[in-house]
Every structure is written in C-alpha cells, then in structure tokens.
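Source file: start_30.tsv (TSV, C-alpha atoms)
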chain	number	residue	atom	x	y	z
F	173	MET	CA	2.80	-8.45	-19.77
F	174	ALA	CA	3.99	-12.03	-19.95
F	175	SER	CA	5.43	-12.75	-16.55
F	176	HIS	CA	5.95	-16.50	-16.67
F	177	VAL	CA	8.15	-18.93	-18.54
F	178	LEU	CA	6.77	-22.38	-19.40
F	179	THR	CA	9.22	-24.77	-17.79
F	180	ARG	CA	7.36	-28.05	-18.27
F	181	PRO	CA	4.55	-29.29	-20.51
F	182	ILE	CA	0.89	-29.01	-19.55
F	183	SER	CA	-1.00	-32.23	-18.90
F	184	ARG	CA	-3.80	-33.51	-16.71
F	185	ASN	CA	-1.31	-34.45	-14.01
F	186	ASN	CA	0.75	-31.30	-14.42
F	187	PRO	CA	-1.55	-28.50	-15.59
F	188	GLU	CA	0.22	-25.47	-14.22
F	189	ILE	CA	3.13	-23.36	-15.36
F	190	THR	CA	5.86	-22.07	-13.06
F	191	LEU	CA	8.09	-19.06	-12.98
F	192	ALA	CA	11.50	-20.15	-14.12
F	193	PRO	CA	14.28	-19.72	-11.51
F	194	VAL	CA	16.34	-17.84	-14.10
F	195	ARG	CA	13.58	-15.26	-14.40
F	196	LYS	CA	13.56	-14.75	-10.64
F	197	PHE	CA	17.30	-14.15	-10.57
F	198	ILE	CA	17.06	-11.68	-13.46
F	199	VAL	CA	14.44	-9.66	-11.61
F	200	LEU	CA	16.45	-9.72	-8.38
F	201	ARG	CA	19.66	-8.73	-10.14
F	202	GLN	CA	17.90	-5.91	-11.97
F	203	LEU	CA	16.49	-4.61	-8.70
F	204	MET	CA	19.81	-4.82	-6.87
F	205	HIS	CA	21.53	-2.77	-9.58
F	206	ASP	CA	18.93	-0.01	-9.37
F	207	LYS	CA	20.46	2.49	-6.91
F	208	PRO	CA	17.29	4.56	-6.34
F	209	ALA	CA	15.35	1.36	-5.65
F	210	LEU	CA	18.02	0.21	-3.19
F	211	ILE	CA	17.87	3.56	-1.41
F	212	GLY	CA	14.10	3.22	-1.22
F	213	LEU	CA	14.36	-0.34	0.12
F	214	VAL	CA	16.85	0.67	2.81
F	215	LEU	CA	14.77	3.69	3.81
F	216	LEU	CA	11.57	1.65	3.88
F	217	ALA	CA	13.26	-1.10	5.88
F	218	ILE	CA	14.43	1.45	8.47
F	219	LEU	CA	10.95	2.94	8.80
F	220	VAL	CA	9.26	-0.46	9.01
F	221	GLY	CA	11.83	-1.63	11.57
F	222	MET	CA	11.21	1.54	13.56
F	223	ALA	CA	7.49	0.80	13.54
F	224	ILE	CA	7.91	-2.85	14.56
F	225	PHE	CA	10.34	-2.11	17.38
F	226	ALA	CA	8.76	1.18	18.44
F	227	PRO	CA	8.46	0.24	22.16
F	228	TRP	CA	12.21	-0.36	22.28
F	229	VAL	CA	13.31	2.49	20.00
F	230	ALA	CA	11.21	5.22	21.63
F	231	PRO	CA	12.71	6.46	24.91
F	232	TYR	CA	9.39	7.68	26.36
F	233	ASP	CA	5.71	6.83	26.41
F	234	PRO	CA	4.25	8.77	23.44
F	235	ALA	CA	1.09	9.64	25.40
F	236	LYS	CA	2.79	10.71	28.64
F	237	THR	CA	2.34	14.45	29.23
F	238	SER	CA	4.63	16.79	31.14
F	239	PRO	CA	3.24	20.35	31.21
F	240	LEU	CA	6.41	21.74	32.79
F	241	ALA	CA	8.43	20.54	29.76
F	242	SER	CA	6.07	21.79	27.04
F	243	LEU	CA	7.46	23.16	23.77
F	244	GLU	CA	11.09	22.45	24.63
F	245	GLY	CA	13.68	22.42	21.89
F	246	PRO	CA	15.91	19.48	20.97
F	247	SER	CA	18.12	18.32	23.83
F	248	ARG	CA	19.85	15.23	25.17
F	249	GLU	CA	16.67	14.23	26.99
F	250	HIS	CA	14.38	14.96	24.04
F	251	LEU	CA	16.07	14.51	20.67
F	252	LEU	CA	13.34	16.35	18.75
F	253	GLY	CA	12.00	18.42	21.61
F	254	THR	CA	8.49	18.24	23.06
F	255	ASP	CA	5.02	19.28	21.96
F	256	SER	CA	2.53	21.61	23.64
F	257	LEU	CA	1.70	18.98	26.28
F	258	GLY	CA	5.31	18.09	26.99
F	259	ARG	CA	5.21	14.79	25.10
F	260	ASP	CA	8.46	13.62	23.55
F	261	MET	CA	8.30	14.28	19.80
F	262	PHE	CA	10.78	11.58	18.84
F	263	SER	CA	8.77	8.94	20.71
F	264	ARG	CA	5.57	10.12	19.05
F	265	ILE	CA	7.16	10.04	15.59
F	266	VAL	CA	8.45	6.51	16.19
F	267	HIS	CA	5.12	5.22	17.47
F	268	GLY	CA	3.37	7.18	14.72
F	269	ALA	CA	5.17	4.99	12.18
F	270	ARG	CA	3.38	1.99	13.67
F	271	TRP	CA	-0.03	3.65	13.31
F	272	SER	CA	0.49	5.24	9.88
F	273	LEU	CA	2.34	2.37	8.21
F	274	GLY	CA	0.15	-0.24	9.87
F	275	ALA	CA	-3.04	1.48	8.74
F	276	ALA	CA	-1.74	1.90	5.18
F	277	ALA	CA	-0.53	-1.72	4.99
F	278	THR	CA	-3.85	-3.03	6.31
F	279	ALA	CA	-5.84	-0.95	3.85
F	280	SER	CA	-3.53	-1.91	0.98
F	281	ALA	CA	-3.87	-5.64	1.73
F	282	ALA	CA	-7.66	-5.43	1.85
F	283	ILE	CA	-7.79	-3.34	-1.34
F	284	VAL	CA	-5.56	-5.78	-3.22
F	285	VAL	CA	-7.56	-8.83	-2.13
F	286	LEU	CA	-10.88	-7.23	-3.06
F	287	GLY	CA	-9.72	-5.66	-6.33
F	288	VAL	CA	-7.80	-8.70	-7.58
F	289	THR	CA	-10.66	-11.07	-6.74
F	290	ILE	CA	-13.26	-8.96	-8.52
F	291	GLY	CA	-10.98	-8.34	-11.51
F	292	ILE	CA	-10.14	-12.02	-12.02
F	293	VAL	CA	-13.76	-13.13	-11.60
F	294	ALA	CA	-15.01	-10.49	-14.05
F	295	GLY	CA	-12.39	-11.31	-16.69
F	296	PHE	CA	-12.61	-15.07	-16.31
F	297	PHE	CA	-16.38	-15.55	-16.39
F	298	GLY	CA	-17.27	-12.61	-18.64
F	299	GLY	CA	-20.87	-12.16	-19.77
F	300	ILE	CA	-23.38	-10.87	-17.26
F	301	VAL	CA	-20.91	-11.23	-14.36
F	302	ASP	CA	-18.38	-9.03	-16.14
F	303	ALA	CA	-21.06	-6.50	-17.12
F	304	ILE	CA	-22.41	-6.10	-13.58
F	305	LEU	CA	-19.01	-5.81	-11.92
F	306	MET	CA	-17.63	-3.39	-14.48
F	307	ARG	CA	-20.71	-1.17	-14.27
F	308	LEU	CA	-20.10	-0.98	-10.53
F	309	VAL	CA	-16.49	-0.01	-11.24
F	310	ASP	CA	-17.65	2.67	-13.70
F	311	VAL	CA	-20.02	4.16	-11.12
F	312	LEU	CA	-17.32	4.37	-8.46
F	313	MET	CA	-14.77	5.79	-10.90
F	314	ALA	CA	-17.21	8.54	-11.88
F	315	PHE	CA	-16.63	10.22	-8.51
F	316	PRO	CA	-13.33	11.39	-6.96
F	317	SER	CA	-12.14	8.67	-4.60
F	318	MET	CA	-11.34	11.08	-1.77
F	319	ILE	CA	-14.82	12.61	-1.94
F	320	LEU	CA	-16.43	9.18	-1.66
F	321	ALA	CA	-14.09	8.23	1.18
F	322	LEU	CA	-14.97	11.48	2.98
F	323	ALA	CA	-18.67	10.76	2.56
F	324	ILE	CA	-18.33	7.21	3.92
F	325	VAL	CA	-16.25	8.31	6.92
F	326	GLY	CA	-18.66	11.18	7.54
F	327	MET	CA	-21.56	8.72	7.74
F	328	LEU	CA	-19.71	6.18	9.88
F	329	GLY	CA	-18.08	8.70	12.22
F	330	PRO	CA	-14.48	9.82	12.81
F	331	SER	CA	-12.08	6.98	13.63
F	332	LEU	CA	-9.10	5.32	12.02
F	333	ARG	CA	-11.10	2.12	11.49
F	334	ASN	CA	-13.79	3.99	9.58
F	335	VAL	CA	-11.14	5.72	7.47
F	336	LEU	CA	-9.78	2.30	6.48
F	337	ILE	CA	-13.30	1.13	5.61
F	338	GLY	CA	-13.83	4.20	3.46
F	339	MET	CA	-10.49	3.80	1.68
F	340	VAL	CA	-11.04	0.11	0.93
F	341	ALA	CA	-14.58	0.76	-0.30
F	342	VAL	CA	-13.45	3.13	-3.07
F	343	TRP	CA	-9.80	2.30	-3.90
F	344	TRP	CA	-10.24	-1.26	-5.13
F	345	VAL	CA	-11.64	-0.19	-8.51
F	346	ASP	CA	-8.25	0.55	-10.11
F	347	TYR	CA	-6.98	-2.91	-9.23
F	348	ALA	CA	-10.16	-4.56	-10.52
F	349	ARG	CA	-10.02	-2.74	-13.84
F	350	ILE	CA	-6.32	-3.49	-14.44
F	351	VAL	CA	-6.55	-7.13	-13.31
F	352	ARG	CA	-9.61	-7.69	-15.50
F	353	GLY	CA	-7.64	-6.52	-18.54
F	354	ILE	CA	-4.79	-8.89	-17.74
F	355	THR	CA	-7.22	-11.76	-17.16
F	356	LEU	CA	-8.92	-11.20	-20.52
F	357	ARG	CA	-5.54	-11.67	-22.23
F	358	VAL	CA	-4.44	-14.63	-20.13
F	359	VAL	CA	-7.64	-16.66	-20.67
F	360	GLN	CA	-6.84	-16.70	-24.40
F	361	ASN	CA	-3.60	-18.60	-23.80
F	362	ASP	CA	-3.39	-22.26	-24.72
F	363	TYR	CA	-2.48	-23.47	-21.23
F	364	VAL	CA	-5.71	-21.96	-19.81
F	365	LYS	CA	-7.75	-23.58	-22.58
F	366	ALA	CA	-5.95	-26.87	-21.96
F	367	ALA	CA	-6.76	-26.68	-18.25
F	368	HIS	CA	-10.41	-26.10	-19.12
F	369	CYS	CA	-10.44	-29.06	-21.49
F	370	CYS	CA	-8.89	-31.25	-18.79
F	371	GLY	CA	-11.82	-30.46	-16.50
F	372	CYS	CA	-9.88	-28.18	-14.16
F	373	HIS	CA	-12.19	-26.44	-11.69
F	374	PRO	CA	-12.61	-22.70	-12.39
F	375	THR	CA	-11.26	-21.80	-8.94
F	376	ARG	CA	-8.14	-23.88	-9.54
F	377	THR	CA	-7.70	-22.37	-12.99
F	378	MET	CA	-7.92	-18.84	-11.61
F	379	LEU	CA	-5.50	-19.57	-8.78
F	380	ARG	CA	-2.94	-21.65	-10.70
F	381	HIS	CA	-2.95	-20.08	-14.16
F	382	ILE	CA	-4.36	-16.55	-13.99
F	383	PHE	CA	-3.35	-15.26	-10.56
F	384	PRO	CA	0.43	-15.81	-11.09
F	385	ASN	CA	0.26	-13.65	-14.24
F	386	VAL	CA	-1.40	-10.88	-12.23
F	387	ILE	CA	1.13	-10.82	-9.38
F	388	PRO	CA	3.88	-8.66	-11.00
F	389	THR	CA	1.50	-5.87	-11.99
F	390	VAL	CA	-0.32	-5.96	-8.66
F	391	VAL	CA	2.94	-5.85	-6.67
F	392	VAL	CA	4.14	-2.77	-8.55
F	393	LEU	CA	0.77	-1.04	-8.31
F	394	ALA	CA	0.40	-1.82	-4.60
F	395	THR	CA	3.89	-0.49	-3.86
F	396	LEU	CA	3.22	2.74	-5.73
F	397	GLU	CA	-0.25	3.09	-4.23
F	398	LEU	CA	1.04	2.57	-0.67
F	399	GLY	CA	2.48	6.08	-0.62
F	400	SER	CA	-0.81	7.53	-1.86
F	401	LEU	CA	-2.69	5.59	0.82
F	402	ILE	CA	-0.45	7.00	3.55
F	403	LEU	CA	-1.05	10.50	2.22
F	404	ALA	CA	-4.81	9.94	2.09
F	405	ILE	CA	-5.03	8.42	5.57
F	406	SER	CA	-2.85	11.17	7.03
F	407	GLY	CA	-4.92	13.80	5.22
F	408	LEU	CA	-8.17	12.46	6.65
F	409	SER	CA	-6.61	12.33	10.11
F	410	PHE	CA	-5.45	15.92	9.68
F	411	LEU	CA	-9.07	16.86	8.98
F	412	GLY	CA	-10.10	15.20	12.24
F	413	LEU	CA	-11.79	12.20	10.61
F	414	GLY	CA	-9.12	9.60	11.27
F	415	ALA	CA	-7.11	8.74	14.37
F	416	GLN	CA	-8.16	10.80	17.37
F	417	PRO	CA	-5.84	12.38	19.98
F	418	PRO	CA	-3.79	11.32	21.84
F	419	THR	CA	-3.05	8.65	19.19
F	420	PRO	CA	0.40	9.49	17.74
F	421	GLU	CA	-0.64	9.18	14.09
F	422	TRP	CA	1.34	11.47	11.79
F	423	GLY	CA	-1.66	13.23	10.27
F	424	THR	CA	-3.15	13.83	13.71
F	425	MET	CA	0.19	15.20	14.92
F	426	ILE	CA	0.27	17.70	12.06
F	427	ASN	CA	-3.23	18.80	12.99
F	428	GLU	CA	-2.23	19.24	16.64
F	429	GLY	CA	0.81	21.31	15.70
F	430	ARG	CA	-0.85	23.66	13.22
F	431	MET	CA	-1.93	26.16	15.90
F	432	PHE	CA	1.74	26.56	16.86
F	433	PHE	CA	3.02	26.77	13.30
F	434	LEU	CA	4.31	30.37	13.48
F	435	ASN	CA	6.29	29.93	16.70
F	436	GLU	CA	6.99	26.18	16.74
F	437	PRO	CA	6.94	24.99	13.09
F	438	GLN	CA	8.85	21.81	13.95
F	439	LEU	CA	5.69	20.34	15.47
F	440	MET	CA	4.30	20.08	11.94
F	441	MET	CA	7.60	19.59	10.15
F	442	TYR	CA	8.69	16.39	11.91
F	443	PRO	CA	5.61	14.28	11.06
F	444	GLY	CA	5.49	15.92	7.63
F	445	ILE	CA	9.07	14.85	6.94
F	446	ALA	CA	8.25	11.32	8.11
F	447	ILE	CA	5.32	11.12	5.67
F	448	THR	CA	7.52	12.49	2.87
F	449	LEU	CA	10.21	9.87	3.50
F	450	VAL	CA	7.71	7.00	3.45
F	451	VAL	CA	6.07	8.20	0.24
F	452	LEU	CA	9.48	8.73	-1.39
F	453	ALA	CA	10.65	5.25	-0.37
F	454	CYS	CA	7.49	3.61	-1.70
F	455	ASN	CA	7.78	5.43	-5.03
F	456	LEU	CA	11.45	4.51	-5.44
F	457	VAL	CA	10.78	0.85	-4.68
F	458	GLY	CA	7.72	0.82	-6.94
F	459	ASP	CA	9.65	2.32	-9.86
F	460	GLY	CA	12.44	-0.20	-9.33
F	461	LEU	CA	10.03	-3.13	-9.28
F	462	ARG	CA	8.29	-1.87	-12.40
F	463	ASP	CA	11.59	-1.75	-14.29
F	464	ALA	CA	12.80	-5.08	-12.90
F	465	LEU	CA	9.60	-6.88	-13.90
F	466	ASP	CA	9.55	-5.36	-17.39
F	467	PRO	CA	11.26	-7.78	-19.82
F	468	ARG	CA	12.06	-4.89	-22.18
F	469	MET	CA	14.34	-3.39	-19.50
F	470	HIS	CA	16.51	-6.52	-19.20
F	471	LYS	CA	19.75	-6.80	-21.10
F	472	ARG	CA	19.81	-9.89	-23.21
Now, as a test, write the supplied structure out as structure tokens.
Amino acid sequence: MASHVLTRPISRNNPEITLAPVRKFIVLRQLMHDKPALIGLVLLAILVGMAIFAPWVAPYDPAKTSPLASLEGPSREHLLGTDSLGRDMFSRIVHGARWSLGAAATASAAIVVLGVTIGIVAGFFGGIVDAILMRLVDVLMAFPSMILALAIVGMLGPSLRNVLIGMVAVWWVDYARIVRGITLRVVQNDYVKAAHCCGCHPTRTMLRHIFPNVIPTVVVLATLELGSLILAISGLSFLGLGAQPPTPEWGTMINEGRMFFLNEPQLMMYPGIAITLVVLACNLVGDGLRDALDPRMHKR
C-alpha cells in the first residue's frame, strides 16, 4: 500500500519523502465520518481514562476486604455490589482496567518494536539474513501461538510479567512477516535506490524511507491485535498463569467468581463485560483506521 506522497524532490541534501498534509487531513476526515470508529474511539477513551485515573474514580481500595459485606448486591455504597471477600466490585473493575489495558499495551508495544525491526531488517538486507530470520518465523508459526505462550509461562512460572514475556516471544512473527513483505516492495522504489546511491547509511534509509511506509499497516494491525492480546492475557490469568490474587486483573476476577457462578453470576459477568467492551472498541477503531488509510476507500 502506498502511504506517502512525494512532496519534494530527492537529493543528497534532501533524501527523504514526507507525508503530504492533504493526505493527513483526508485520513482524519475519513475517520471522523466513520460512526462505528467514533463510537470505538469514545469507548476506548473512556476505558483508558478510567484506567489512568483509577485512584480517583474508584471509591474504595480494590484490595480492602470486608467479610461482613460479602456478596452484597448493588447499592448506593457499592454500585456493582461486593465479591466473596466484601471487596467493592466497581473499584476492582476500575483498577482492573489499569492492569489489563496496561499489560496489553506494554505487550503490544514490545511486539511491534520487535516484529517491525526484524521485518525491516530481513526485507532490506535480504540474502542470508532474510533466510535465517524467515526460517525462525516459519518455525514459530508452525505451532499455535497460545500453546507456545502457555509453554513459556509454564517454564517461567505464573505471573503477569511472565505472561507478557510469553506473549511477546511468540506474537511478533505476524508483524515481521507482513513488514518484510512491505519492505521488499518499498526497496524497489526509486527514492530508496537514490538514497543508496547517495551513500545514505542503511540505518538512515530504513528509518527515513522504509519505516514511514510501514506505519499505516502496523498501526491498523496493532489496533486490531490489541483486543486479541487482552483476551489472551485475560485467558491466561483465568487459568491461574497470569496476575495472582488479590490483583484486580479482569481475567483473575473471572477466575475468582467462577465458583459462585450459579448463585452470584455477576461476579463473572462484570469483568467479562469489561473485556468485551475493550475488544469491541479496539476492533471498531481498527476497522475505521484500515478504511481511512486505504486510498481506495477515499472519494476523489
């Protein structure tokens, strides 16, 4: 996908291309007119804001127990009731957003950096470097990612940090494969060849000429994959491999509430609804970005 518009000629003193301001406004306008994407943005902004300002939004300490108030229903004191230990469910959901979204964002950033770096290096240098890196990608893609992540976490031990290590170790391959394909096309462009002829350092060429062409695809993929990461991290926490009690992580909360499912189903429903809303928001925003960054979707 061609994502840049050549706004000034390439020379030794001016070897890079830039994204035309008009292109930026077209993308922004396209995104603002996409109602599902706007809904997703608003929903995601609310959830992120809730996570950032959790200490001020939550009325109680999420880890504070009160056995005399266990399993209470919604009330003025406890908007969503309490759990089996008398902890305020609303406070735990709010603080859980910080743990779940923070973990997913951290893993996503590390995955993007690793995958994009390996993909650009493989596509740019080619030859033996490309062969070695792509064989590694093929080996990792031969196994289900969740199985490999489970194996890594099982070896390292249950903790949220080890879950993030396991996710990063196996999820970068999709980014590397896609970015490599984009890089192979971009290096055939005249401005990349001109930069090479001008003696531009390979690192500068990759950062100034190849990386900007990768950004649109990576942004869309990362937004769509963020929901999947939250599901995976919550799933591993539900299995007892991720965040450990009393950490108010959504997957851990679902695990804690499963033994009360028949009599108190809301203990599982509340964190489940929170996960659903985050995944829905990420998918809506990702779809909107994909359409906004696709030139074929723009009205001429």
Please, what distance in Å, to one decimal, runs between atom CA of F:Ile387 and atom CA of F:Val311?
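So the two atoms, atom CA of F:Ile387 and atom CA of F:Val311, lie 26.0 Å apart.
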Taking only residues of stretch 393-462 of chain F that have an atom at most 8 Å from an atom of stretch 257-281 of chain F, what is each one's shortest atom pair and its distance in Å to one decimal, using only C-alpha atoms, in chain and number order, as a tab-separated table?
residue	atom	partner	partner_atom	distance
F:Ala394	CA	F:Ser280	CA	6.8
F:Glu397	CA	F:Ser280	CA	7.9
F:Leu398	CA	F:Ala276	CA	6.5
F:Leu401	CA	F:Ala276	CA	5.8
F:Ile402	CA	F:Ala276	CA	5.5
F:Ile405	CA	F:Ala276	CA	7.3
F:Ser406	CA	F:Ser272	CA	7.4
F:Thr419	CA	F:Gly268	CA	8.0
F:Pro420	CA	F:Gly268	CA	4.8
F:Glu421	CA	F:Gly268	CA	4.5
F:Trp422	CA	F:Gly268	CA	5.6
F:Leu439	CA	F:Met261	CA	7.9
F:Tyr442	CA	F:Ile265	CA	7.5
F:Pro443	CA	F:Ile265	CA	6.4
F:Ala446	CA	F:Ile265	CA	7.7
For the residues selected in the previous step, produce a file with C-alpha atoms as a PDB file, in the coordinates of the input.
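Listed below is the output, result00.pdb:
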ATOM      1  CA  ALA F 394       0.400  -1.820  -4.600  1.00  0.00           C
ATOM      2  CA  GLU F 397      -0.250   3.090  -4.230  1.00  0.00           C
ATOM      3  CA  LEU F 398       1.040   2.570  -0.670  1.00  0.00           C
ATOM      4  CA  LEU F 401      -2.690   5.590   0.820  1.00  0.00           C
ATOM      5  CA  ILE F 402      -0.450   7.000   3.550  1.00  0.00           C
ATOM      6  CA  ILE F 405      -5.030   8.420   5.570  1.00  0.00           C
ATOM      7  CA  SER F 406      -2.850  11.170   7.030  1.00  0.00           C
ATOM      8  CA  THR F 419      -3.050   8.650  19.190  1.00  0.00           C
ATOM      9  CA  PRO F 420       0.400   9.490  17.740  1.00  0.00           C
ATOM     10  CA  GLU F 421      -0.640   9.180  14.090  1.00  0.00           C
ATOM     11  CA  TRP F 422       1.340  11.470  11.790  1.00  0.00           C
ATOM     12  CA  LEU F 439       5.690  20.340  15.470  1.00  0.00           C
ATOM     13  CA  TYR F 442       8.690  16.390  11.910  1.00  0.00           C
ATOM     14  CA  PRO F 443       5.610  14.280  11.060  1.00  0.00           C
ATOM     15  CA  ALA F 446       8.250  11.320   8.110  1.00  0.00           C
TER      16      ALA F 446
END
Find the spatial neighbours of stretch 340-348 of chain F, counting only C-alpha atoms, within a cut-off of 8 Å - ignore same-chain residues fewer than 2 positions away - and output them as a PyMOL selection string.
chain F and resi 279-280+282-284+286-292+309+312-313+317+320-321+336-338+350-352+390
Mind checking which residues fall within 12 Å of F:Arg430, counting only C-alpha atoms, ignoring those fewer than 3 positions away in the same chain, and posting them as a ChimeraX atom specification?
/F:255-256,410-411,423-427,433-441,443-444
For atom CA of F:Val391 and atom CA of F:Ile224, the interatomic separation in Å (one decimal)
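Atom CA of F:Val391 sits 22.0 Å away from atom CA of F:Ile224.
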Leaving out F:Ser331 and any residue of its chain fewer than 5 positions from it, which residues lie within 7 Å of it when counting all atoms listed in the file, given as number ranges by chain?
F: 413-416
Here is a test: counting all atoms listed in the file, which residue of F:Ala453, F:Ala464, F:Ile304, F:Gly353 is nearest to F:Ala217?
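Checking each of F:Ala453, F:Ala464, F:Ile304, F:Gly353 against F:Ala217, counting all atoms listed in the file, the winner is F:Ala453.
The interatomic distance for the pair atom CA of F:Thr237 and atom CA of F:Glu428 works out to 14.2 Å.
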Show me as number ranges by chain the residues that reach within 12 Å of (-8.3, -20.4, -12.5), counting all atoms listed in the file and using the file's own coordinates.
F: 187-188, 289, 292-293, 295-297, 355, 358-359, 363-368, 371-386
Could you list as a PyMOL selection string every residue that has an atom within 7 Å of (13.0, 4.9, 1.7), using the file's coordinates and counting all atoms listed in the file?
chain F and resi 211-216+449-450+452-454
